[in-house]
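Q: Sending over query23.cif (mmCIF, C-alpha atoms).
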data_structure
#
loop_
_atom_site.label_atom_id
_atom_site.label_comp_id
_atom_site.auth_asym_id
_atom_site.auth_seq_id
_atom_site.Cartn_x
_atom_site.Cartn_y
_atom_site.Cartn_z
CA GLN A 1 5.03 -1.94 16.73
CA ARG A 2 3.96 -0.41 20.04
CA PRO A 3 2.16 2.91 19.88
CA PRO A 4 3.87 6.10 21.09
CA SER A 5 4.00 7.09 24.72
CA GLU A 6 0.46 8.18 25.63
CA ARG A 7 -1.55 5.58 23.89
CA GLY A 8 -4.87 7.16 24.63
CA LYS A 9 -4.29 9.16 21.45
CA ARG A 10 -3.25 6.52 19.01
CA ASP A 11 -5.43 5.83 16.08
CA LYS A 12 -7.98 6.37 18.49
CA TYR A 13 -7.71 3.22 20.57
CA ARG A 14 -6.74 0.95 17.74
CA GLY A 15 -7.11 -2.69 18.65
CA VAL A 16 -9.55 -2.23 21.54
CA GLY A 17 -11.13 -5.51 22.52
CA ARG A 18 -8.16 -7.59 21.34
CA LEU A 19 -5.72 -8.44 24.04
CA ARG A 20 -2.27 -8.67 22.61
CA THR A 21 -0.34 -11.44 24.27
CA PRO A 22 3.41 -11.86 23.97
CA GLN A 23 4.61 -14.61 21.72
CA ARG A 24 5.23 -17.78 23.66
CA LEU A 25 8.78 -18.98 23.77
CA PHE A 26 9.37 -22.73 23.76
CA VAL A 27 12.65 -23.76 25.25
CA SER A 28 13.61 -27.39 24.99
CA PRO A 29 14.32 -28.82 28.46
CA SER A 30 17.29 -30.68 27.05
CA ARG A 31 18.78 -27.42 25.77
CA MET A 32 18.43 -25.97 29.27
CA GLY A 33 20.19 -29.00 30.71
CA ILE A 34 17.17 -30.26 32.62
CA SER A 35 17.22 -33.91 33.51
CA PHE A 36 14.05 -35.96 33.92
CA CYS A 37 15.75 -38.79 35.77
CA ARG A 38 14.09 -39.77 39.02
CA GLY A 39 15.71 -38.73 42.23
CA LYS A 40 16.95 -35.52 43.76
CA GLN A 41 17.31 -32.56 41.40
CA ASP A 42 20.79 -31.14 41.15
CA ASP A 43 21.64 -27.45 41.09
CA ARG A 44 21.91 -27.44 37.32
CA ASP A 45 18.29 -28.57 36.94
CA ILE A 46 17.00 -26.07 39.49
CA ARG A 47 19.04 -23.25 37.97
CA ALA A 48 17.58 -23.97 34.53
CA ARG A 49 14.07 -23.94 35.96
CA VAL A 50 14.68 -20.61 37.70
CA LEU A 51 15.84 -19.07 34.42
CA MET A 52 12.70 -20.36 32.73
CA GLU A 53 10.61 -18.96 35.59
CA ILE A 54 12.16 -15.51 35.12
CA VAL A 55 11.02 -15.30 31.51
CA SER A 56 7.66 -17.05 32.01
CA SER A 57 6.76 -14.75 34.92
CA GLU A 58 7.84 -11.74 32.83
CA ARG A 59 5.58 -12.86 30.00
CA LYS A 60 2.66 -13.38 32.36
CA TYR A 61 3.24 -10.02 34.06
CA LEU A 62 3.34 -8.15 30.74
CA GLY A 63 0.15 -9.91 29.64
CA SER A 64 -1.56 -8.76 32.85
CA LEU A 65 -0.47 -5.16 32.32
CA ARG A 66 -1.86 -5.27 28.81
CA SER A 67 -5.13 -6.68 30.13
CA LEU A 68 -5.33 -3.76 32.55
CA GLU A 69 -4.74 -1.33 29.71
CA TYR A 70 -7.12 -2.84 27.14
CA SER A 71 -9.84 -4.10 29.47
CA TYR A 72 -10.00 -1.12 31.84
CA LYS A 73 -7.87 1.92 30.99
CA ILE A 74 -8.82 2.42 27.34
CA PRO A 75 -12.56 1.62 27.79
CA MET A 76 -12.63 3.95 30.80
CA GLU A 77 -11.04 6.76 28.79
CA ARG A 78 -13.51 6.23 25.95
CA ARG A 79 -16.56 6.26 28.26
CA ARG A 80 -15.21 8.83 30.68
CA LYS A 81 -17.98 11.39 30.22
CA LYS A 82 -20.76 8.79 30.32
CA LEU A 83 -19.30 7.46 33.56
CA GLY A 84 -19.17 10.97 35.00
CA LEU A 85 -15.38 10.88 35.38
CA LYS A 86 -12.84 13.66 35.03
CA GLU A 87 -9.55 13.20 33.20
CA GLU A 88 -7.80 13.53 36.55
CA ASP A 89 -9.80 10.59 37.91
CA VAL A 90 -8.54 8.25 35.19
CA LYS A 91 -4.96 9.52 35.58
CA ALA A 92 -5.17 9.05 39.35
CA ILE A 93 -6.23 5.41 38.95
CA PHE A 94 -3.64 4.33 36.36
CA ASN A 95 -0.87 6.96 36.89
CA ASN A 96 2.23 5.92 34.83
CA LEU A 97 1.03 2.46 33.74
CA ILE A 98 1.99 3.09 30.09
CA ALA A 99 5.63 3.82 30.96
CA ILE A 100 5.80 0.51 32.87
CA ILE A 101 4.29 -1.41 29.95
CA ASP A 102 6.75 0.12 27.49
CA LEU A 103 9.68 -0.82 29.75
CA HIS A 104 8.59 -4.43 30.19
CA GLU A 105 7.88 -4.99 26.52
CA ILE A 106 11.58 -4.39 25.95
CA ILE A 107 12.65 -6.52 28.92
CA CYS A 108 10.37 -9.40 27.91
CA ARG A 109 11.60 -9.39 24.34
CA GLU A 110 15.25 -9.47 25.44
CA LEU A 111 14.66 -12.20 28.03
CA GLU A 112 12.92 -14.37 25.46
CA SER A 113 15.87 -13.98 23.07
CA ASP A 114 18.50 -15.15 25.60
CA LEU A 115 17.53 -16.68 28.95
CA GLU A 116 21.11 -17.10 30.09
CA LYS A 117 21.65 -13.34 29.97
CA SER A 118 18.71 -12.61 32.29
CA PRO A 119 20.92 -11.01 35.00
CA GLU A 120 22.65 -8.75 32.46
CA ILE A 121 19.29 -7.70 30.99
CA LEU A 122 17.95 -6.78 34.43
CA ILE A 123 21.14 -4.83 35.21
CA LYS A 124 20.82 -2.88 31.97
CA HIS A 125 17.23 -1.86 32.66
CA SER A 126 17.36 -1.49 36.46
CA LYS A 127 18.00 2.26 36.20
CA PHE A 128 14.63 2.60 34.48
CA PHE A 129 12.87 0.92 37.41
CA LEU A 130 12.50 4.40 38.86
CA VAL A 131 9.11 4.38 37.11
CA TYR A 132 8.06 2.05 39.93
CA ILE A 133 8.85 4.70 42.53
CA GLU A 134 6.42 7.06 40.83
CA TYR A 135 3.81 4.31 40.62
CA SER A 136 4.36 3.29 44.24
CA ASN A 137 4.04 6.89 45.46
CA ALA A 138 0.70 7.23 43.68
CA TYR A 139 -0.65 3.76 44.49
CA MET A 140 -2.37 4.67 47.76
CA ARG A 141 -4.15 7.62 46.15
CA SER A 142 -5.06 5.40 43.20
CA THR A 143 -6.66 2.89 45.57
CA GLU A 144 -8.51 5.63 47.45
CA LYS A 145 -9.83 7.14 44.23
CA LEU A 146 -10.97 3.73 42.98
CA ASN A 147 -12.75 2.93 46.25
CA ASP A 148 -14.36 6.37 46.33
CA LEU A 149 -15.73 5.96 42.81
CA ARG A 150 -16.94 2.43 43.54
CA THR A 151 -18.82 3.70 46.60
CA ASN A 152 -20.36 6.84 45.12
CA SER A 153 -21.00 5.98 41.48
CA ARG A 154 -23.40 3.24 40.44
CA ARG A 155 -22.43 3.67 36.78
CA PHE A 156 -18.76 3.20 37.64
CA ARG A 157 -19.50 0.03 39.64
CA GLU A 158 -21.52 -1.38 36.77
CA PHE A 159 -18.73 -0.54 34.32
CA LEU A 160 -16.16 -2.47 36.38
CA GLN A 161 -18.52 -5.42 36.76
CA THR A 162 -19.20 -5.44 33.00
CA GLN A 163 -15.50 -5.46 32.13
CA ALA A 164 -14.74 -8.28 34.55
CA SER A 165 -17.80 -10.29 33.40
CA ALA A 166 -16.76 -9.91 29.75
CA GLY A 167 -13.41 -11.44 30.63
CA ALA A 168 -15.05 -14.32 32.49
CA ALA A 169 -17.33 -15.01 29.51
CA ALA A 170 -14.37 -15.00 27.14
CA SER A 171 -12.56 -17.46 29.39
CA THR A 172 -15.59 -19.79 29.46
CA SER A 173 -15.79 -19.75 25.68
CA GLY A 174 -12.19 -20.89 25.40
CA ASN A 175 -10.54 -17.50 24.96
CA PRO A 176 -7.41 -17.35 27.17
CA GLY A 177 -7.82 -13.61 27.80
CA VAL A 178 -9.16 -13.84 31.36
CA VAL A 179 -9.90 -10.43 32.94
CA LEU A 180 -9.46 -10.00 36.69
CA ASP A 181 -10.90 -7.34 38.95
CA ILE A 182 -9.16 -4.01 38.37
CA ALA A 183 -7.69 -3.90 41.89
CA SER A 184 -5.95 -7.24 41.28
CA TYR A 185 -4.14 -5.72 38.31
CA LEU A 186 -3.27 -2.40 39.94
CA ILE A 187 -1.29 -4.06 42.74
CA MET A 188 0.85 -6.15 40.35
CA PRO A 189 3.49 -3.45 39.69
CA ILE A 190 3.94 -3.10 43.46
CA GLN A 191 4.78 -6.82 43.63
CA ARG A 192 7.03 -7.11 40.58
CA VAL A 193 10.41 -5.80 41.82
CA PRO A 194 10.35 -7.96 44.98
CA ARG A 195 9.60 -10.91 42.68
CA TYR A 196 12.78 -10.21 40.69
CA GLU A 197 14.71 -10.14 43.96
CA LEU A 198 13.40 -13.56 45.02
CA LEU A 199 14.16 -15.14 41.64
CA LEU A 200 17.70 -13.73 41.54
CA ARG A 201 18.41 -15.00 45.06
CA GLU A 202 17.24 -18.44 43.98
CA LEU A 203 19.35 -18.24 40.82
CA LYS A 204 22.43 -17.26 42.82
CA LYS A 205 21.83 -20.08 45.30
CA HIS A 206 21.90 -22.71 42.54
CA THR A 207 24.69 -21.23 40.39
CA PRO A 208 28.24 -22.53 41.01
CA ARG A 209 30.69 -19.94 42.32
CA ASN A 210 32.96 -20.46 39.34
CA HIS A 211 30.11 -20.06 36.83
CA PRO A 212 30.75 -17.28 34.23
CA SER A 213 27.49 -15.49 35.13
CA GLN A 214 27.94 -15.55 38.92
CA ALA A 215 29.34 -11.99 39.03
CA LYS A 216 26.48 -10.68 36.88
CA ILE A 217 23.91 -12.40 39.08
CA GLU A 218 25.38 -10.72 42.17
CA GLU A 219 25.43 -7.34 40.41
CA ALA A 220 21.83 -7.74 39.25
CA LEU A 221 20.74 -8.77 42.75
CA LYS A 222 22.46 -5.73 44.24
CA SER A 223 20.77 -3.38 41.74
CA ILE A 224 17.31 -4.88 42.22
CA THR A 225 17.67 -4.94 46.03
CA THR A 226 18.57 -1.24 46.00
CA VAL A 227 15.47 -0.44 43.94
CA ALA A 228 13.31 -2.61 46.24
CA LYS A 229 14.56 -0.70 49.30
CA GLN A 230 13.84 2.63 47.62
CA LEU A 231 10.33 1.45 46.79
CA ASN A 232 9.71 0.37 50.38
CA GLU A 233 10.95 3.69 51.73
CA THR A 234 8.89 5.79 49.33
CA ARG A 235 5.81 3.66 49.92
CA ARG A 236 6.13 4.05 53.69
CA ALA A 237 6.62 7.80 53.29
CA ALA A 238 3.56 8.06 51.03
CA GLU A 239 1.44 6.03 53.46
CA ALA A 240 2.60 8.21 56.38
CA ALA A 241 1.81 11.40 54.46
CA LEU A 242 -1.69 10.15 53.66
CA ARG A 243 -2.21 9.20 57.30
CA LEU A 244 -1.12 12.68 58.42
CA ALA A 245 -3.59 14.22 56.00
CA SER A 246 -6.32 11.94 57.38
CA LEU A 247 -5.47 12.94 60.95
CA GLN A 248 -5.52 16.62 59.97
CA GLU A 249 -9.03 16.22 58.56
CA GLY A 250 -10.17 14.48 61.75
CA LEU A 251 -9.05 17.28 64.08
CA LYS A 252 -12.12 19.09 65.35
CA SER A 253 -10.72 21.33 68.07
CA ALA A 254 -7.31 22.30 66.73
CA PRO A 255 -6.27 25.95 67.17
CA ARG A 256 -6.86 28.24 64.23
CA GLY A 257 -4.02 28.05 61.73
CA PHE A 258 -2.71 24.77 63.12
CA GLU A 259 -1.29 22.59 60.33
CA LEU A 260 -0.38 18.99 61.01
CA VAL A 261 0.74 18.44 57.42
CA ARG A 262 3.87 20.38 56.49
CA ALA A 263 6.74 19.92 54.06
CA GLY A 264 9.43 17.75 55.62
CA ARG A 265 7.20 16.54 58.45
CA THR A 266 6.83 12.76 58.76
CA LEU A 267 4.70 10.54 60.95
CA ARG A 268 7.04 8.67 63.31
CA LYS A 269 4.56 7.05 65.65
CA GLU A 270 0.84 6.99 66.28
CA GLU A 271 -0.78 6.07 69.61
CA MET A 272 -3.95 6.63 71.53
CA ALA A 273 -3.53 9.27 74.24
CA LEU A 274 -5.62 9.70 77.38
CA LEU A 275 -5.82 13.26 78.67
CA ALA A 276 -6.11 13.45 82.45
CA PRO A 277 -8.14 16.20 84.14
CA ASP A 278 -6.12 19.29 85.01
CA PRO A 279 -5.93 19.33 88.84
CA ARG A 280 -5.73 23.11 88.76
CA SER A 281 -9.16 23.43 87.16
CA THR A 282 -12.10 23.73 89.52
CA GLY A 283 -14.51 21.74 87.39
CA GLY A 284 -12.14 18.90 86.68
CA ASP A 285 -12.20 19.72 82.96
CA VAL A 286 -9.90 17.79 80.69
CA LYS A 287 -7.34 20.10 79.19
CA GLY A 288 -4.82 19.40 76.52
CA GLU A 289 -1.96 21.42 75.13
CA TRP A 290 -1.30 21.70 71.40
CA ILE A 291 2.38 21.43 70.58
CA ASP A 292 3.32 22.63 67.10
#
Rewrite the structure from the file as structure tokens, please.
A:
Amino acid sequence: QRPPSERGKRDKYRGVGRLRTPQRLFVSPSRMGISFCRGKQDDRDIRARVLMEIVSSERKYLGSLRSLEYSYKIPMERRRKKLGLKEEDVKAIFNNLIAIIDLHEIICRELESDLEKSPEILIKHSKFFLVYIEYSNAYMRSTEKLNDLRTNSRRFREFLQTQASAGAAASTSGNPGVVLDIASYLIMPIQRVPRYELLLRELKKHTPRNHPSQAKIEEALKSITTVAKQLNETRRAAEAALRLASLQEGLKSAPRGFELVRAGRTLRKEEMALLAPDPRSTGGDVKGEWID
């Protein structure tokens, strides 16, 4: 039974140090219609393998999210004061990770129960993929906060190194719970929706047009592609907003009250500009004009 929404308050941190991994699902190749005869694979074989890849990648992804939670998020929350962190720092790094984990626990369980219904399962849950838009919007700030803490806090650097080293030691001793660097985990949600899109395109490519699930595959692909486009747009907007803020901070001679960052203002293009001397000035001074 998964804990309630903000797990930082459960039991307090029940199960820390034990990575929970999803139960492995064994699917007989013969049941999936996979042939081991030599020669060129037919579409039926490839289609079966794509379906298996959808669920195996989902299982691996969920396991990685849990590793991020149990190896970094929970220990960081527990040692927050010793590490000199504020609550806002931890929230900025992980933002809505828990909501994403909760969503994919459901998806993984349903995929494992019926591989053939993978497109229908993704359609059903695609409306909840809006959690990725929130995560994507906050990802750049999360990365900046992480890099800032790495640079300015020796205790924080040592904490991250300790967590990663503990995972490496566990792996060496035969424990499958390998722990990656925190940045490698944090980027995974950014990559997940595009991964669904690629797998569904491959599934569609190797599914006969008269197959009963063809319509559902197309519907699932359409839903996931729409979400992927939204994610790209929001990510670009977030990156542009951060760049505007950076440019605002770098302005040293802007007129008083000048604000580069405003609601509704977006960065369309950025180029180097060379200001020529004003021919009307006697000293050949370089003059520029601020346009608001």
Q: What's the separation between CA of Phe128 (chain A) and CA of Arg195 (chain A), in Å to one decimal place?
A: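 The value is 16.6 Å.
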Q: How close does region 177-214 of chain A get to region 161-166 of chain A? List, as a Markdown table, each residue of region 177-214 of chain A within 7 Å, its nearest atom pair and the distance in Å to one decimal, counting all atoms listed in the file.
A:
| residue | atom | partner | partner_atom | distance |
| --- | --- | --- | --- | --- |
| A:Val179 | CA | A:Ala164 | CA | 5.5 |
| A:Leu180 | CA | A:Ala164 | CA | 6.0 |
| A:Asp181 | CA | A:Ala164 | CA | 5.9 |
Q: Would you list the contacts of region 213-217 of chain A as JSON, numbers by chain, taking every protein, DNA or RNA residue within 12 Å and counting all atoms listed in the file, but skipping same-chain residues closer than 3 positions in sequence?
A: {"A": [47, 51, 115, 116, 117, 118, 119, 120, 121, 122, 123, 124, 196, 197, 199, 200, 201, 202, 203, 204, 205, 206, 207, 208, 209, 210, 220, 221, 222, 223, 224, 225]}
Q: Out of A:Ser57, A:Thr226, A:Asn147, A:Thr234, which residue has the shortest atom-to-atom distance to Ile182 (chain A) when counting only C-alpha atoms?
A: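 Smallest separation from Ile182 (chain A) among the options: A:Asn147.
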Q: Please determine an axis-aligned box that encloses all atoms of region 42-49 of chain A listed in the file, with 8 Å added on each side, and express its centre and edge lengths in Å to one decimal as JSON.
A:
{"center_x": 18.0, "center_y": -27.2, "center_z": 37.8, "size_x": 23.8, "size_y": 23.9, "size_z": 22.6}
Q: Taking into account only C-alpha atoms, which residue in the set A:Ile190, A:Leu160, A:Val90, A:Leu111 is nearest to Ser142 (chain A)?
A: A:Val90
Q: Taking (14.4, -4.0, 38.6) in the coordinates of the supplied file, I want to know which residues reach to within 6 Å of it, counting all atoms listed in the file; could you give the answer as a list in words?
A: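 Nearby residues: Ser126, Phe129, Val193 and Ile224 of chain A.
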Q: With distances taken over all atoms listed in the file, which of A:Glu105, A:Asp89, A:Asp45, A:Glu271 is nearest to Lys145 (chain A)?
A: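 Smallest distance to Lys145 (chain A) is found for A:Asp89.
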Q: When the PyMOL selection byres ((chain A and resi 85) around 12) is applied to the structure above, which residues does it catch, written out as number ranges by chain?
A: A: 76-84, 86-93, 145-146, 148-150, 152-153, 155-156, 159
Q: Just give me the gap between CA of Ile54 (chain A) and CA of Gln191 (chain A) in Å, one decimal is fine.
A: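 Computed distance, CA of Ile54 (chain A) to CA of Gln191 (chain A), equals 14.2 Å.
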Q: Any chance you could model N, CA and C atoms for region 139-151 of chain A and send them as a PDB file, in the frame of the given file?
A:
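Once everything was written out, this is out-v7.pdb:
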ATOM      1  N   TYR A 139       0.226   4.933  44.363  1.00  0.00           N
ATOM      2  CA  TYR A 139      -0.650   3.760  44.490  1.00  0.00           C
ATOM      3  C   TYR A 139      -1.729   3.942  45.555  1.00  0.00           C
ATOM      4  N   MET A 140      -1.379   4.500  46.701  1.00  0.00           N
ATOM      5  CA  MET A 140      -2.370   4.670  47.760  1.00  0.00           C
ATOM      6  C   MET A 140      -3.492   5.601  47.323  1.00  0.00           C
ATOM      7  N   ARG A 141      -3.121   6.687  46.641  1.00  0.00           N
ATOM      8  CA  ARG A 141      -4.150   7.620  46.150  1.00  0.00           C
ATOM      9  C   ARG A 141      -4.986   6.960  45.048  1.00  0.00           C
ATOM     10  N   SER A 142      -4.334   6.136  44.241  1.00  0.00           N
ATOM     11  CA  SER A 142      -5.060   5.400  43.200  1.00  0.00           C
ATOM     12  C   SER A 142      -6.117   4.497  43.827  1.00  0.00           C
ATOM     13  N   THR A 143      -5.729   3.786  44.883  1.00  0.00           N
ATOM     14  CA  THR A 143      -6.660   2.890  45.570  1.00  0.00           C
ATOM     15  C   THR A 143      -7.805   3.675  46.207  1.00  0.00           C
ATOM     16  N   GLU A 144      -7.478   4.810  46.819  1.00  0.00           N
ATOM     17  CA  GLU A 144      -8.510   5.630  47.450  1.00  0.00           C
ATOM     18  C   GLU A 144      -9.498   6.167  46.416  1.00  0.00           C
ATOM     19  N   LYS A 145      -8.964   6.623  45.282  1.00  0.00           N
ATOM     20  CA  LYS A 145      -9.830   7.140  44.230  1.00  0.00           C
ATOM     21  C   LYS A 145     -10.741   6.036  43.692  1.00  0.00           C
ATOM     22  N   LEU A 146     -10.183   4.861  43.479  1.00  0.00           N
ATOM     23  CA  LEU A 146     -10.970   3.730  42.980  1.00  0.00           C
ATOM     24  C   LEU A 146     -12.075   3.364  43.960  1.00  0.00           C
ATOM     25  N   ASN A 147     -11.751   3.276  45.232  1.00  0.00           N
ATOM     26  CA  ASN A 147     -12.750   2.930  46.250  1.00  0.00           C
ATOM     27  C   ASN A 147     -13.824   4.006  46.366  1.00  0.00           C
ATOM     28  N   ASP A 148     -13.410   5.261  46.250  1.00  0.00           N
ATOM     29  CA  ASP A 148     -14.360   6.370  46.330  1.00  0.00           C
ATOM     30  C   ASP A 148     -15.354   6.310  45.175  1.00  0.00           C
ATOM     31  N   LEU A 149     -14.847   6.047  43.975  1.00  0.00           N
ATOM     32  CA  LEU A 149     -15.730   5.960  42.810  1.00  0.00           C
ATOM     33  C   LEU A 149     -16.638   4.741  42.885  1.00  0.00           C
ATOM     34  N   ARG A 150     -16.111   3.630  43.371  1.00  0.00           N
ATOM     35  CA  ARG A 150     -16.940   2.430  43.540  1.00  0.00           C
ATOM     36  C   ARG A 150     -18.110   2.727  44.485  1.00  0.00           C
ATOM     37  N   THR A 151     -17.811   3.437  45.565  1.00  0.00           N
ATOM     38  CA  THR A 151     -18.820   3.700  46.600  1.00  0.00           C
ATOM     39  C   THR A 151     -19.872   4.686  46.135  1.00  0.00           C
TER      40      THR A 151
END
